[in-house]
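Just work24.cif here, mmCIF, C-alpha atoms:
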```
data_protein
#
loop_
_atom_site.label_atom_id
_atom_site.label_comp_id
_atom_site.auth_asym_id
_atom_site.auth_seq_id
_atom_site.Cartn_x
_atom_site.Cartn_y
_atom_site.Cartn_z
CA MET A 1 104.87 170.67 -100.56
CA ARG A 2 105.89 171.45 -104.09
CA GLY A 3 107.80 174.36 -105.56
CA PRO A 4 106.41 176.58 -108.27
CA ALA A 5 102.73 176.66 -109.11
CA VAL A 6 101.46 174.14 -111.61
CA VAL A 7 102.12 175.21 -115.16
CA TRP A 8 100.10 174.69 -118.32
CA ARG A 9 101.79 172.41 -120.81
CA TYR A 10 100.89 170.39 -123.89
CA GLY A 11 100.63 166.63 -124.19
CA THR A 12 100.39 164.71 -127.45
CA VAL A 13 97.69 162.09 -127.83
CA THR A 14 99.34 158.70 -128.47
CA ALA A 15 96.34 156.39 -128.15
CA LEU A 16 92.56 156.47 -127.78
CA ILE A 17 90.81 153.47 -126.23
CA ASP A 18 87.06 152.90 -126.03
CA GLU A 19 86.25 151.78 -122.48
CA SER A 20 82.46 151.81 -122.81
CA PRO A 21 79.93 153.42 -125.15
CA HIS A 22 80.28 156.59 -123.05
CA ALA A 23 83.90 156.60 -121.93
CA LYS A 24 87.26 156.77 -123.62
CA THR A 25 90.81 156.54 -122.36
CA ILE A 26 93.20 159.16 -123.73
CA GLU A 27 96.86 158.24 -123.55
CA LEU A 28 99.26 161.14 -123.70
CA HIS A 29 102.94 161.79 -124.03
CA VAL A 30 103.66 164.83 -121.88
CA PRO A 31 107.23 166.16 -122.19
CA GLU A 32 108.84 166.84 -118.81
CA TRP A 33 105.87 165.38 -116.93
CA PRO A 34 106.91 165.72 -113.27
CA GLY A 35 105.24 162.45 -112.24
CA HIS A 36 102.06 161.96 -110.26
CA ALA A 37 100.64 160.08 -107.30
CA ALA A 38 97.74 157.67 -107.71
CA GLY A 39 94.50 159.59 -107.14
CA GLN A 40 95.70 162.94 -108.47
CA HIS A 41 94.00 164.73 -111.34
CA VAL A 42 94.88 167.14 -114.12
CA ASP A 43 93.07 170.24 -115.31
CA VAL A 44 92.39 170.18 -119.06
CA ARG A 45 91.81 173.46 -120.90
CA LEU A 46 90.26 173.90 -124.33
CA THR A 47 90.56 177.22 -126.14
CA ALA A 48 88.22 178.20 -128.98
CA GLU A 49 89.35 180.28 -131.93
CA ASP A 50 87.70 183.35 -130.40
CA GLY A 51 89.66 182.87 -127.19
CA TYR A 52 86.84 181.35 -125.12
CA GLN A 53 88.22 178.81 -122.69
CA ALA A 54 86.62 175.88 -120.89
CA GLN A 55 88.43 173.96 -118.19
CA ARG A 56 87.63 170.64 -116.47
CA SER A 57 89.40 168.29 -114.09
CA TYR A 58 90.04 164.64 -114.98
CA SER A 59 91.53 161.96 -112.78
CA VAL A 60 94.68 160.23 -113.93
CA ALA A 61 93.96 156.56 -114.65
CA SER A 62 97.50 155.34 -115.18
CA ALA A 63 99.93 154.24 -112.49
CA PRO A 64 102.76 156.62 -111.61
CA GLU A 65 105.10 153.91 -112.90
CA ASP A 66 103.56 154.05 -116.38
CA PRO A 67 105.42 156.38 -118.78
CA ARG A 68 102.13 157.14 -120.53
CA LEU A 69 99.72 159.53 -118.88
CA ALA A 70 96.22 158.11 -119.24
CA LEU A 71 92.95 159.92 -118.58
CA THR A 72 89.59 158.17 -118.81
CA VAL A 73 86.85 160.61 -119.76
CA GLU A 74 83.14 159.95 -119.57
CA ARG A 75 81.07 161.74 -122.15
CA ILE A 76 78.48 164.17 -120.75
CA ASP A 77 76.21 164.80 -123.72
CA ASP A 78 75.53 168.47 -122.96
CA GLY A 79 79.01 169.11 -121.61
CA GLU A 80 81.46 171.65 -123.00
CA VAL A 81 84.63 169.60 -122.84
CA SER A 82 83.95 165.86 -122.67
CA PRO A 83 82.15 165.61 -126.06
CA TYR A 84 85.26 167.06 -127.69
CA LEU A 85 87.63 164.80 -125.75
CA THR A 86 85.64 161.63 -126.44
CA GLY A 87 84.47 162.44 -129.96
CA GLU A 88 86.74 164.87 -131.76
CA LEU A 89 90.21 164.34 -130.34
CA ARG A 90 92.55 162.34 -132.61
CA ILE A 91 95.89 160.62 -132.19
CA GLY A 92 98.65 163.17 -132.72
CA ASP A 93 96.55 166.08 -131.44
CA GLU A 94 97.88 168.27 -128.67
CA LEU A 95 95.98 168.78 -125.45
CA GLU A 96 96.63 171.58 -122.98
CA LEU A 97 96.76 170.48 -119.36
CA ARG A 98 98.29 171.27 -115.99
CA GLY A 99 99.13 168.98 -113.12
CA PRO A 100 99.43 166.72 -111.37
CA ILE A 101 97.02 168.33 -108.92
CA GLY A 102 95.78 167.39 -105.47
CA GLY A 103 97.29 165.80 -102.40
CA HIS A 104 94.34 164.73 -100.27
CA PHE A 105 92.82 162.03 -102.46
CA THR A 106 96.04 160.09 -103.02
CA TRP A 107 97.47 156.74 -102.04
CA ARG A 108 101.07 155.60 -102.22
CA ALA A 109 102.17 151.98 -101.96
CA GLY A 110 104.21 152.87 -98.87
CA ASP A 111 101.05 154.01 -97.05
CA ASP A 112 99.41 151.57 -94.71
CA GLY A 113 96.39 149.52 -95.66
CA PRO A 114 93.99 147.97 -95.68
CA LEU A 115 92.26 149.79 -98.50
CA LEU A 116 88.57 150.16 -99.14
CA LEU A 117 87.86 151.69 -102.55
CA VAL A 118 84.31 152.63 -103.48
CA GLY A 119 83.63 153.92 -106.98
CA GLY A 120 80.47 154.99 -108.76
CA GLY A 121 80.56 155.15 -112.56
CA SER A 122 83.70 156.89 -113.77
CA GLY A 123 84.58 157.47 -110.11
CA LEU A 124 86.48 154.25 -110.61
CA VAL A 125 89.20 156.10 -112.56
CA PRO A 126 91.40 157.40 -109.69
CA LEU A 127 90.83 154.15 -107.77
CA MET A 128 92.12 152.27 -110.82
CA ALA A 129 95.28 154.36 -110.69
CA MET A 130 95.71 153.21 -107.08
CA LEU A 131 95.21 149.53 -107.98
CA ARG A 132 97.58 149.82 -110.95
CA HIS A 133 100.14 151.50 -108.68
CA ARG A 134 99.66 148.74 -106.10
CA ALA A 135 100.27 146.09 -108.80
CA ALA A 136 103.28 147.93 -110.26
CA ARG A 137 104.90 147.99 -106.82
CA SER A 138 103.94 144.35 -106.08
CA SER A 139 102.19 145.62 -102.96
CA GLN A 140 100.38 142.99 -100.90
CA VAL A 141 98.12 145.50 -99.14
CA ASP A 142 94.61 144.17 -98.56
CA ALA A 143 92.49 146.07 -101.10
CA ARG A 144 88.71 145.78 -101.35
CA LEU A 145 87.01 147.40 -104.32
CA LEU A 146 83.30 148.04 -104.65
CA VAL A 147 82.26 149.38 -108.04
CA SER A 148 78.78 150.56 -108.90
CA ALA A 149 77.86 150.72 -112.59
CA ARG A 150 74.60 150.81 -114.47
CA SER A 151 75.41 147.65 -116.42
CA LEU A 152 78.34 145.49 -117.42
CA GLY A 153 78.53 147.43 -120.69
CA ASP A 154 78.90 150.69 -118.78
CA ALA A 155 81.53 149.30 -116.40
CA LEU A 156 85.12 150.44 -116.93
CA TYR A 157 88.24 148.25 -116.98
CA SER A 158 86.28 145.02 -116.37
CA ASP A 159 88.84 142.63 -117.87
CA GLU A 160 91.78 144.27 -116.14
CA LEU A 161 89.99 144.27 -112.78
CA GLU A 162 89.19 140.59 -113.09
CA THR A 163 92.85 139.90 -113.90
CA LEU A 164 93.98 141.91 -110.86
CA ALA A 165 91.54 140.04 -108.61
CA ALA A 166 92.55 136.65 -110.07
CA ALA A 167 96.18 137.27 -109.10
CA ASP A 168 95.09 136.36 -105.56
CA ASP A 169 97.51 138.81 -103.96
CA GLY A 170 95.03 140.73 -101.88
CA VAL A 171 92.68 142.46 -104.30
CA VAL A 172 89.03 141.57 -103.84
CA LEU A 173 86.62 142.85 -106.48
CA HIS A 174 82.92 143.44 -105.84
CA ARG A 175 80.54 144.96 -108.34
CA THR A 176 76.95 146.05 -108.23
CA PHE A 177 74.88 146.73 -111.33
CA THR A 178 72.09 149.20 -110.77
CA ARG A 179 70.05 148.91 -113.97
CA GLU A 180 70.87 145.73 -115.82
CA GLN A 181 72.58 142.58 -114.60
CA PRO A 182 74.52 140.17 -116.82
CA ALA A 183 72.84 136.79 -117.40
CA GLY A 184 73.36 134.50 -114.43
CA TRP A 185 74.72 137.32 -112.27
CA THR A 186 74.93 136.33 -108.61
CA GLY A 187 76.69 139.41 -107.25
CA PHE A 188 75.22 142.60 -105.84
CA THR A 189 72.42 144.45 -107.56
CA GLY A 190 71.01 147.94 -107.05
CA ARG A 191 72.41 151.00 -105.36
CA ILE A 192 75.04 150.58 -102.69
CA ASP A 193 73.67 149.97 -99.20
CA ALA A 194 74.94 149.25 -95.71
CA GLN A 195 74.82 145.49 -96.09
CA MET A 196 76.88 145.67 -99.27
CA LEU A 197 79.54 147.88 -97.71
CA SER A 198 79.59 145.75 -94.58
CA SER A 199 80.15 142.51 -96.47
CA VAL A 200 82.85 144.04 -98.68
CA GLY A 201 84.70 145.10 -95.52
CA PRO A 202 87.20 145.62 -93.96
CA ALA A 203 85.53 146.21 -90.60
CA PRO A 204 85.84 149.65 -89.00
CA ALA A 205 88.13 148.16 -86.31
CA ALA A 206 90.73 147.49 -89.03
CA ARG A 207 90.74 151.26 -89.73
CA PRO A 208 90.93 150.91 -93.51
CA ARG A 209 91.99 153.85 -95.64
CA ILE A 210 88.79 154.58 -97.50
CA PHE A 211 88.57 156.32 -100.87
CA VAL A 212 85.16 157.13 -102.33
CA CYS A 213 84.76 158.67 -105.77
CA GLY A 214 81.75 159.30 -107.98
CA PRO A 215 78.91 161.70 -108.62
CA THR A 216 78.09 163.90 -105.62
CA ALA A 217 74.91 162.02 -104.71
CA PHE A 218 76.73 158.66 -104.84
CA VAL A 219 79.54 159.93 -102.62
CA GLU A 220 77.10 161.47 -100.13
CA ARG A 221 75.29 158.17 -99.82
CA ALA A 222 78.46 156.09 -99.50
CA ASP A 223 80.02 158.43 -96.94
CA ASP A 224 76.86 158.47 -94.82
CA LEU A 225 76.59 154.67 -94.92
CA LEU A 226 80.26 154.22 -94.01
CA VAL A 227 79.95 156.52 -91.00
CA GLU A 228 76.78 154.70 -89.91
CA LEU A 229 78.70 151.43 -90.10
CA GLY A 230 81.19 152.87 -87.62
CA HIS A 231 84.03 154.08 -89.82
CA ASP A 232 85.89 157.12 -88.49
CA PRO A 233 85.01 160.05 -90.81
CA THR A 234 88.66 161.11 -90.87
CA THR A 235 89.61 157.78 -92.50
CA ILE A 236 87.28 158.50 -95.43
CA ARG A 237 88.61 160.53 -98.35
CA SER A 238 86.09 161.52 -100.96
CA GLU A 239 86.11 163.03 -104.40
CA ARG A 240 82.88 164.26 -105.92
CA PHE A 241 82.23 164.93 -109.61
CA GLY A 242 79.05 166.91 -109.14
CA PRO A 243 75.87 166.31 -111.12
CA THR A 244 77.20 168.13 -114.13
CA GLY A 245 80.53 169.28 -115.39
CA GLY A 246 81.42 167.44 -118.54
CA MET R 1 70.25 160.14 -101.37
CA ASN R 2 69.96 163.78 -102.29
CA GLU R 3 69.59 163.92 -106.07
CA GLN R 4 69.94 167.69 -105.98
CA ALA R 5 73.35 167.63 -104.33
CA THR R 6 75.32 170.30 -106.10
CA TRP R 7 78.47 170.72 -104.06
CA LEU R 8 81.85 169.25 -104.74
CA ASP R 9 84.69 168.85 -102.28
CA GLY R 10 87.80 170.90 -101.77
CA ASN R 11 89.76 168.52 -104.01
CA ALA R 12 88.11 170.23 -106.97
CA LEU R 13 89.79 173.48 -105.91
CA ALA R 14 93.29 172.01 -105.88
CA GLY R 15 94.41 173.53 -109.16
CA LEU R 16 93.18 177.03 -108.33
CA LEU R 17 94.64 176.94 -104.82
CA GLU R 18 97.99 175.92 -106.22
CA GLU R 19 97.74 178.69 -108.80
CA LEU R 20 96.99 181.23 -106.04
CA PHE R 21 99.35 180.08 -103.31
CA ALA R 22 101.98 178.13 -105.24
CA THR R 23 101.62 175.08 -103.03
CA GLU R 24 99.47 171.98 -102.69
CA LEU R 25 96.85 172.71 -100.04
CA THR R 26 94.15 170.02 -100.24
CA ASP R 27 95.83 167.75 -97.69
CA THR R 28 96.45 170.69 -95.34
CA PRO R 29 94.26 170.94 -92.23
CA HIS R 30 92.06 174.01 -91.82
CA GLY R 31 90.55 174.99 -88.48
CA CYS R 32 86.98 176.27 -88.69
CA GLY R 33 86.55 179.75 -87.26
CA SER R 34 83.06 178.87 -86.07
CA CYS R 35 82.94 175.30 -84.75
CA GLY R 36 86.66 174.69 -84.43
CA ALA R 37 86.63 171.44 -86.41
CA VAL R 38 89.94 170.71 -88.10
CA ARG R 39 89.57 169.07 -91.50
CA ALA R 40 91.72 168.80 -94.61
CA ILE R 41 90.90 171.42 -97.24
CA GLY R 42 90.13 168.54 -99.63
CA ALA R 43 87.42 167.34 -97.24
CA HIS R 44 85.62 170.71 -97.19
CA ARG R 45 82.55 171.39 -99.31
CA LEU R 46 82.88 173.49 -102.42
CA TYR R 47 79.91 175.46 -103.74
CA ARG R 48 80.13 177.02 -107.17
CA GLY R 49 78.03 180.03 -108.03
CA ALA R 50 78.92 183.59 -108.89
CA GLY R 51 82.10 182.81 -106.95
CA LEU R 52 83.65 179.78 -105.35
CA VAL R 53 82.78 179.19 -101.70
CA LEU R 54 84.52 176.59 -99.55
CA ARG R 55 82.67 175.60 -96.39
CA CYS R 56 83.44 173.61 -93.24
CA PRO R 57 82.09 170.05 -93.70
CA VAL R 58 80.91 170.00 -90.07
CA CYS R 59 79.09 173.33 -89.57
CA SER R 60 79.10 174.88 -93.08
CA ASP R 61 80.78 178.10 -91.96
CA ILE R 62 82.83 179.78 -94.69
CA ALA R 63 86.53 178.93 -94.98
CA LEU R 64 87.33 180.57 -98.33
CA VAL R 65 85.67 182.68 -100.99
CA VAL R 66 87.23 183.30 -104.39
CA ALA R 67 85.64 185.79 -106.76
CA THR R 68 87.05 186.21 -110.24
CA THR R 69 86.78 189.55 -112.05
CA PRO R 70 87.97 190.23 -115.60
CA THR R 71 91.28 191.45 -114.24
CA SER R 72 91.78 189.83 -110.85
CA ARG R 73 90.92 187.21 -108.29
CA VAL R 74 89.60 188.37 -104.93
CA VAL R 75 90.31 185.93 -102.11
CA HIS R 76 88.72 185.96 -98.65
CA LEU R 77 90.04 183.55 -96.03
CA ALA R 78 88.36 182.64 -92.74
CA GLY R 79 89.30 180.39 -89.84
CA ASN R 80 92.75 179.01 -89.24
CA TRP R 81 94.89 178.44 -92.30
CA ARG R 82 98.49 177.30 -92.44
CA MET R 83 100.46 177.37 -95.69
CA GLU R 84 103.98 176.25 -96.35
CA MET R 85 105.57 177.39 -99.59
CA SER R 86 108.92 176.55 -101.09
CA ARG R 87 111.43 179.41 -100.99
CA ALA R 88 113.01 178.27 -104.24
CA GLY R 89 111.92 180.13 -107.36
#
```

Just dump the structure as structure tokens.
Amino acid sequence: MRGPAVVWRYGTVTALIDESPHAKTIELHVPEWPGHAAGQHVDVRLTAEDGYQAQRSYSVASAPEDPRLALTVERIDDGEVSPYLTGELRIGDELELRGPIGGHFTWRAGDDGPLLLVGGGSGLVPLMAMLRHRAARSSQVDARLLVSARSLGDALYSDELETLAAADDGVVLHRTFTREQPAGWTGFTGRIDAQMLSSVGPAPAARPRIFVCGPTAFVERADDLLVELGHDPTTIRSERFGPTGG
Amino acid sequence: MNEQATWLDGNALAGLLEELFATELTDTPHGCGSCGAVRAIGAHRLYRGAGLVLRCPVCSDIALVVATTPTSRVVHLAGNWRMEMSRAG
């Protein structure tokens, strides 16, 4: 429970980082930011000169421990908001936002594991906040991550994920590439399926906390497969982007 | 996989719910008035059309409808809701 309703406030852009040809991370300094939990999102509002407003939700990518608030935004070419955020926004600009928002799709280091994180495309963003939070707290919770991306070039945070997995403190990284595989790739290929999810684990008997995020169709498929594998539906928390939005 | 899937989940309504009720509601259980299933608001299905419609993920019965007019928001609640708001402020 929180007190007053979320308020609109302005953040100042402090850095812009290209994550892929279609996605950019926006780092913000937000005065009096109340702090967030990994998995929460913010609402971003753009206002045109004539007063027209467009609003979208974006997951927070940064750990709660990070003083910078980072959003990773995927460009939707015919979108109203993401082309501006990924193409026009400059360092020093102000961005209107409210948050942090949401309490269902969140994980705190004090929560039990094991964790099973399943992300499609930019659905990786809130899961990354969880893994960054886990690392910042030196958590040893067993964390399995399955990421689906079209190609290595489209995949977000690849170097950082490999570093997290190489720390050998409980993070296991699995990726599947649906359209184009890197040369010599021996990992998963194609859309997620039951065998993939089963081999990533943990088994349903371990009652993992499961977080699934991605486009609606991806999440529907993953949720159905997880239930078929025997996972209790109430252990699965999902966040859908929808087919459009941008 | 349904390529035409157009719904989101209740998590997408978190900001509006907090604006309306001044509290975080997506992790709050809601009891369906039709099938009785108890699920977190964030796990419900959200359909966006002329208004916003939140449906039970088990039987699809309506849990919430929000219509926005130029001057107001009209909210219809169904089933069993429980809200806890801070008294401060």

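Note that atom CA of Glu49 of chain A and atom CA of Val74 of chain R are 28.2 Å apart.
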
Evaluate the PyMOL selection byres ((chain A and resi 93) around 10) on the structure here and hand back the selected residues as a PyMOL selection string.
chain A and resi 10-14+28+88-92+94-95

Would you save the residues of that selection, restricted to C-alpha atoms, as a PDB file, in the frame of the given file?
```pdb
ATOM      1  CA  TYR A  10     100.890 170.390-123.890  1.00  0.00           C
ATOM      2  CA  GLY A  11     100.630 166.630-124.190  1.00  0.00           C
ATOM      3  CA  THR A  12     100.390 164.710-127.450  1.00  0.00           C
ATOM      4  CA  VAL A  13      97.690 162.090-127.830  1.00  0.00           C
ATOM      5  CA  THR A  14      99.340 158.700-128.470  1.00  0.00           C
ATOM      6  CA  LEU A  28      99.260 161.140-123.700  1.00  0.00           C
ATOM      7  CA  GLU A  88      86.740 164.870-131.760  1.00  0.00           C
ATOM      8  CA  LEU A  89      90.210 164.340-130.340  1.00  0.00           C
ATOM      9  CA  ARG A  90      92.550 162.340-132.610  1.00  0.00           C
ATOM     10  CA  ILE A  91      95.890 160.620-132.190  1.00  0.00           C
ATOM     11  CA  GLY A  92      98.650 163.170-132.720  1.00  0.00           C
ATOM     12  CA  GLU A  94      97.880 168.270-128.670  1.00  0.00           C
ATOM     13  CA  LEU A  95      95.980 168.780-125.450  1.00  0.00           C
TER      14      LEU A  95
END
```

For the file shown, report as a VMD selection string the outcome of the PyMOL selection byres ((chain A and resi 211) around 8) at residue level.
chain A and resid 105 115 to 118 127 209 to 210 212 to 213 236 to 239

For the residues in the current selection, export C-alpha atoms as a PDB file, in the frame of the given file.
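The result, stored in result-v5.pdb:
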```
ATOM      1  CA  PHE A 105      92.820 162.030-102.460  1.00  0.00           C
ATOM      2  CA  LEU A 115      92.260 149.790 -98.500  1.00  0.00           C
ATOM      3  CA  LEU A 116      88.570 150.160 -99.140  1.00  0.00           C
ATOM      4  CA  LEU A 117      87.860 151.690-102.550  1.00  0.00           C
ATOM      5  CA  VAL A 118      84.310 152.630-103.480  1.00  0.00           C
ATOM      6  CA  LEU A 127      90.830 154.150-107.770  1.00  0.00           C
ATOM      7  CA  ARG A 209      91.990 153.850 -95.640  1.00  0.00           C
ATOM      8  CA  ILE A 210      88.790 154.580 -97.500  1.00  0.00           C
ATOM      9  CA  VAL A 212      85.160 157.130-102.330  1.00  0.00           C
ATOM     10  CA  CYS A 213      84.760 158.670-105.770  1.00  0.00           C
ATOM     11  CA  ILE A 236      87.280 158.500 -95.430  1.00  0.00           C
ATOM     12  CA  ARG A 237      88.610 160.530 -98.350  1.00  0.00           C
ATOM     13  CA  SER A 238      86.090 161.520-100.960  1.00  0.00           C
ATOM     14  CA  GLU A 239      86.110 163.030-104.400  1.00  0.00           C
TER      15      GLU A 239
END
```

Name the residues captured by the PyMOL selection byres ((chain R) within 10 of (chain A)) when it is applied to the shown file; answer as a PyMOL selection string.
chain R and resi 1-28+39-46+83-89

Would you be able to write out as an NGL selection string which residues have an atom within 12 Å of (81.4, 169.8, -126.5) in the file's coordinates, counting only C-alpha atoms?
:A and (46-48 or 53-56 or 75-89 or 245-246)

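Taking atom CA of Gly110 of chain A and atom CA of Ser139 of chain A as the two end points, the separation is 8.6 Å.
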
For segment 21-31 of chain R, I'd like the enclosing box, axis-aligned and padded by 5 Å on every side, reported as lines of an AutoDock Vina configuration file with centre and edge lengths in Å to one decimal.
```
center_x = 96.3
center_y = 173.9
center_z = -96.9
size_x = 21.4
size_y = 22.3
size_z = 26.8
```

Name the residues in contact with Asp154 of chain A at a cut-off of 10 Å, using only C-alpha atoms, excluding same-chain residues fewer than 4 positions from it; report them as a compact mmCIF listing (two decimals) with C-alpha atoms, in the coordinates of the input.
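Result written to around_3.txt:
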```txt
# COMPACT_ATOMS: atom_id res chain seq x y z
CA GLU A 19 86.25 151.78 -122.48
CA SER A 20 82.46 151.81 -122.81
CA PRO A 21 79.93 153.42 -125.15
CA HIS A 22 80.28 156.59 -123.05
CA ALA A 23 83.90 156.60 -121.93
CA GLY A 121 80.56 155.15 -112.56
CA SER A 122 83.70 156.89 -113.77
CA SER A 148 78.78 150.56 -108.90
CA ALA A 149 77.86 150.72 -112.59
CA ARG A 150 74.60 150.81 -114.47
CA SER A 158 86.28 145.02 -116.37
CA PHE A 177 74.88 146.73 -111.33
CA GLU A 180 70.87 145.73 -115.82
```

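Considering only C-alpha atoms, the residue among R:Gly79, R:Gly51, R:Gly31, R:Gly36 positioned nearest to Ala67 of chain R is R:Gly51.
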
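With all atoms listed in the file as the basis for measurement, R:Leu64 is the residue among R:Arg82, R:Leu64, R:Gly33, R:Leu77 that approaches Tyr47 of chain R most closely.
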
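You will find atom CA of His29 of chain A at 26.9 Å from atom CA of Gly119 of chain A.
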
Given the choices A:Pro126, A:Gly35, A:Pro114, A:Pro204, which gets closest to Gly230 of chain A if the distance is worked out from only C-alpha atoms?
A:Pro204

Surrounding residues of Arg108 of chain A excluding itself and chain neighbours under 3 positions, 12 Å, only C-alpha atoms, as a PDB file with C-alpha atoms, in the frame of the given file:
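selection_5.pdb was written with the following content:
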```
ATOM      1  CA  HIS A  36     102.060 161.960-110.260  1.00  0.00           C
ATOM      2  CA  ALA A  37     100.640 160.080-107.300  1.00  0.00           C
ATOM      3  CA  ALA A  38      97.740 157.670-107.710  1.00  0.00           C
ATOM      4  CA  GLY A  39      94.500 159.590-107.140  1.00  0.00           C
ATOM      5  CA  GLN A  40      95.700 162.940-108.470  1.00  0.00           C
ATOM      6  CA  ALA A  63      99.930 154.240-112.490  1.00  0.00           C
ATOM      7  CA  PRO A  64     102.760 156.620-111.610  1.00  0.00           C
ATOM      8  CA  GLU A  65     105.100 153.910-112.900  1.00  0.00           C
ATOM      9  CA  GLY A 103      97.290 165.800-102.400  1.00  0.00           C
ATOM     10  CA  HIS A 104      94.340 164.730-100.270  1.00  0.00           C
ATOM     11  CA  PHE A 105      92.820 162.030-102.460  1.00  0.00           C
ATOM     12  CA  ASP A 111     101.050 154.010 -97.050  1.00  0.00           C
ATOM     13  CA  ASP A 112      99.410 151.570 -94.710  1.00  0.00           C
ATOM     14  CA  GLY A 113      96.390 149.520 -95.660  1.00  0.00           C
ATOM     15  CA  LEU A 115      92.260 149.790 -98.500  1.00  0.00           C
ATOM     16  CA  LEU A 127      90.830 154.150-107.770  1.00  0.00           C
ATOM     17  CA  ALA A 129      95.280 154.360-110.690  1.00  0.00           C
ATOM     18  CA  MET A 130      95.710 153.210-107.080  1.00  0.00           C
ATOM     19  CA  LEU A 131      95.210 149.530-107.980  1.00  0.00           C
ATOM     20  CA  ARG A 132      97.580 149.820-110.950  1.00  0.00           C
ATOM     21  CA  HIS A 133     100.140 151.500-108.680  1.00  0.00           C
ATOM     22  CA  ARG A 134      99.660 148.740-106.100  1.00  0.00           C
ATOM     23  CA  ALA A 135     100.270 146.090-108.800  1.00  0.00           C
ATOM     24  CA  ALA A 136     103.280 147.930-110.260  1.00  0.00           C
ATOM     25  CA  ARG A 137     104.900 147.990-106.820  1.00  0.00           C
ATOM     26  CA  SER A 139     102.190 145.620-102.960  1.00  0.00           C
ATOM     27  CA  VAL A 141      98.120 145.500 -99.140  1.00  0.00           C
ATOM     28  CA  ARG A 209      91.990 153.850 -95.640  1.00  0.00           C
TER      29      ARG A 209
END
```

Please determine, counting all atoms listed in the file, which residue among A:Pro31, A:Gly184, A:Gly170, A:Gly214 has the shortest atom-to-atom distance to Val147 of chain A.
A:Gly214

Just add N, CA and C atoms to segment 42-57 of chain R and send it as a PDB file, keeping the file's coordinate frame.
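So the final result, stored in selection-v6.pdb, reads:
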```
ATOM      1  N   GLY R  42      90.760 169.434 -98.650  1.00  0.00           N
ATOM      2  CA  GLY R  42      90.130 168.540 -99.630  1.00  0.00           C
ATOM      3  C   GLY R  42      88.831 167.941 -99.144  1.00  0.00           C
ATOM      4  N   ALA R  43      88.628 167.922 -97.816  1.00  0.00           N
ATOM      5  CA  ALA R  43      87.420 167.340 -97.240  1.00  0.00           C
ATOM      6  C   ALA R  43      86.342 168.394 -96.997  1.00  0.00           C
ATOM      7  N   HIS R  44      86.634 169.661 -97.309  1.00  0.00           N
ATOM      8  CA  HIS R  44      85.620 170.710 -97.190  1.00  0.00           C
ATOM      9  C   HIS R  44      84.630 170.609 -98.344  1.00  0.00           C
ATOM     10  N   ARG R  45      83.549 171.383 -98.233  1.00  0.00           N
ATOM     11  CA  ARG R  45      82.550 171.390 -99.310  1.00  0.00           C
ATOM     12  C   ARG R  45      82.737 172.625-100.173  1.00  0.00           C
ATOM     13  N   LEU R  46      82.699 172.396-101.466  1.00  0.00           N
ATOM     14  CA  LEU R  46      82.880 173.490-102.420  1.00  0.00           C
ATOM     15  C   LEU R  46      81.563 173.778-103.133  1.00  0.00           C
ATOM     16  N   TYR R  47      81.124 175.026-103.039  1.00  0.00           N
ATOM     17  CA  TYR R  47      79.910 175.460-103.740  1.00  0.00           C
ATOM     18  C   TYR R  47      80.307 176.413-104.847  1.00  0.00           C
ATOM     19  N   ARG R  48      79.774 176.192-106.016  1.00  0.00           N
ATOM     20  CA  ARG R  48      80.130 177.020-107.170  1.00  0.00           C
ATOM     21  C   ARG R  48      78.943 177.842-107.621  1.00  0.00           C
ATOM     22  N   GLY R  49      79.092 179.150-107.555  1.00  0.00           N
ATOM     23  CA  GLY R  49      78.030 180.030-108.030  1.00  0.00           C
ATOM     24  C   GLY R  49      78.681 181.200-108.731  1.00  0.00           C
ATOM     25  N   ALA R  50      78.283 182.405-108.329  1.00  0.00           N
ATOM     26  CA  ALA R  50      78.920 183.590-108.890  1.00  0.00           C
ATOM     27  C   ALA R  50      80.399 183.602-108.509  1.00  0.00           C
ATOM     28  N   GLY R  51      80.709 182.996-107.364  1.00  0.00           N
ATOM     29  CA  GLY R  51      82.100 182.810-106.950  1.00  0.00           C
ATOM     30  C   GLY R  51      82.244 181.395-106.438  1.00  0.00           C
ATOM     31  N   LEU R  52      83.404 181.100-105.929  1.00  0.00           N
ATOM     32  CA  LEU R  52      83.650 179.780-105.350  1.00  0.00           C
ATOM     33  C   LEU R  52      83.634 179.934-103.833  1.00  0.00           C
ATOM     34  N   VAL R  53      82.873 179.107-103.156  1.00  0.00           N
ATOM     35  CA  VAL R  53      82.780 179.190-101.700  1.00  0.00           C
ATOM     36  C   VAL R  53      83.114 177.832-101.107  1.00  0.00           C
ATOM     37  N   LEU R  54      84.110 177.824-100.218  1.00  0.00           N
ATOM     38  CA  LEU R  54      84.520 176.590 -99.550  1.00  0.00           C
ATOM     39  C   LEU R  54      83.993 176.655 -98.119  1.00  0.00           C
ATOM     40  N   ARG R  55      83.300 175.592 -97.715  1.00  0.00           N
ATOM     41  CA  ARG R  55      82.670 175.600 -96.390  1.00  0.00           C
ATOM     42  C   ARG R  55      83.132 174.439 -95.524  1.00  0.00           C
ATOM     43  N   CYS R  56      83.122 174.655 -94.221  1.00  0.00           N
ATOM     44  CA  CYS R  56      83.440 173.610 -93.240  1.00  0.00           C
ATOM     45  C   CYS R  56      82.474 172.438 -93.424  1.00  0.00           C
ATOM     46  N   PRO R  57      82.990 171.189 -93.499  1.00  0.00           N
ATOM     47  CA  PRO R  57      82.090 170.050 -93.700  1.00  0.00           C
ATOM     48  C   PRO R  57      81.275 169.716 -92.462  1.00  0.00           C
TER      49      PRO R  57
END
```
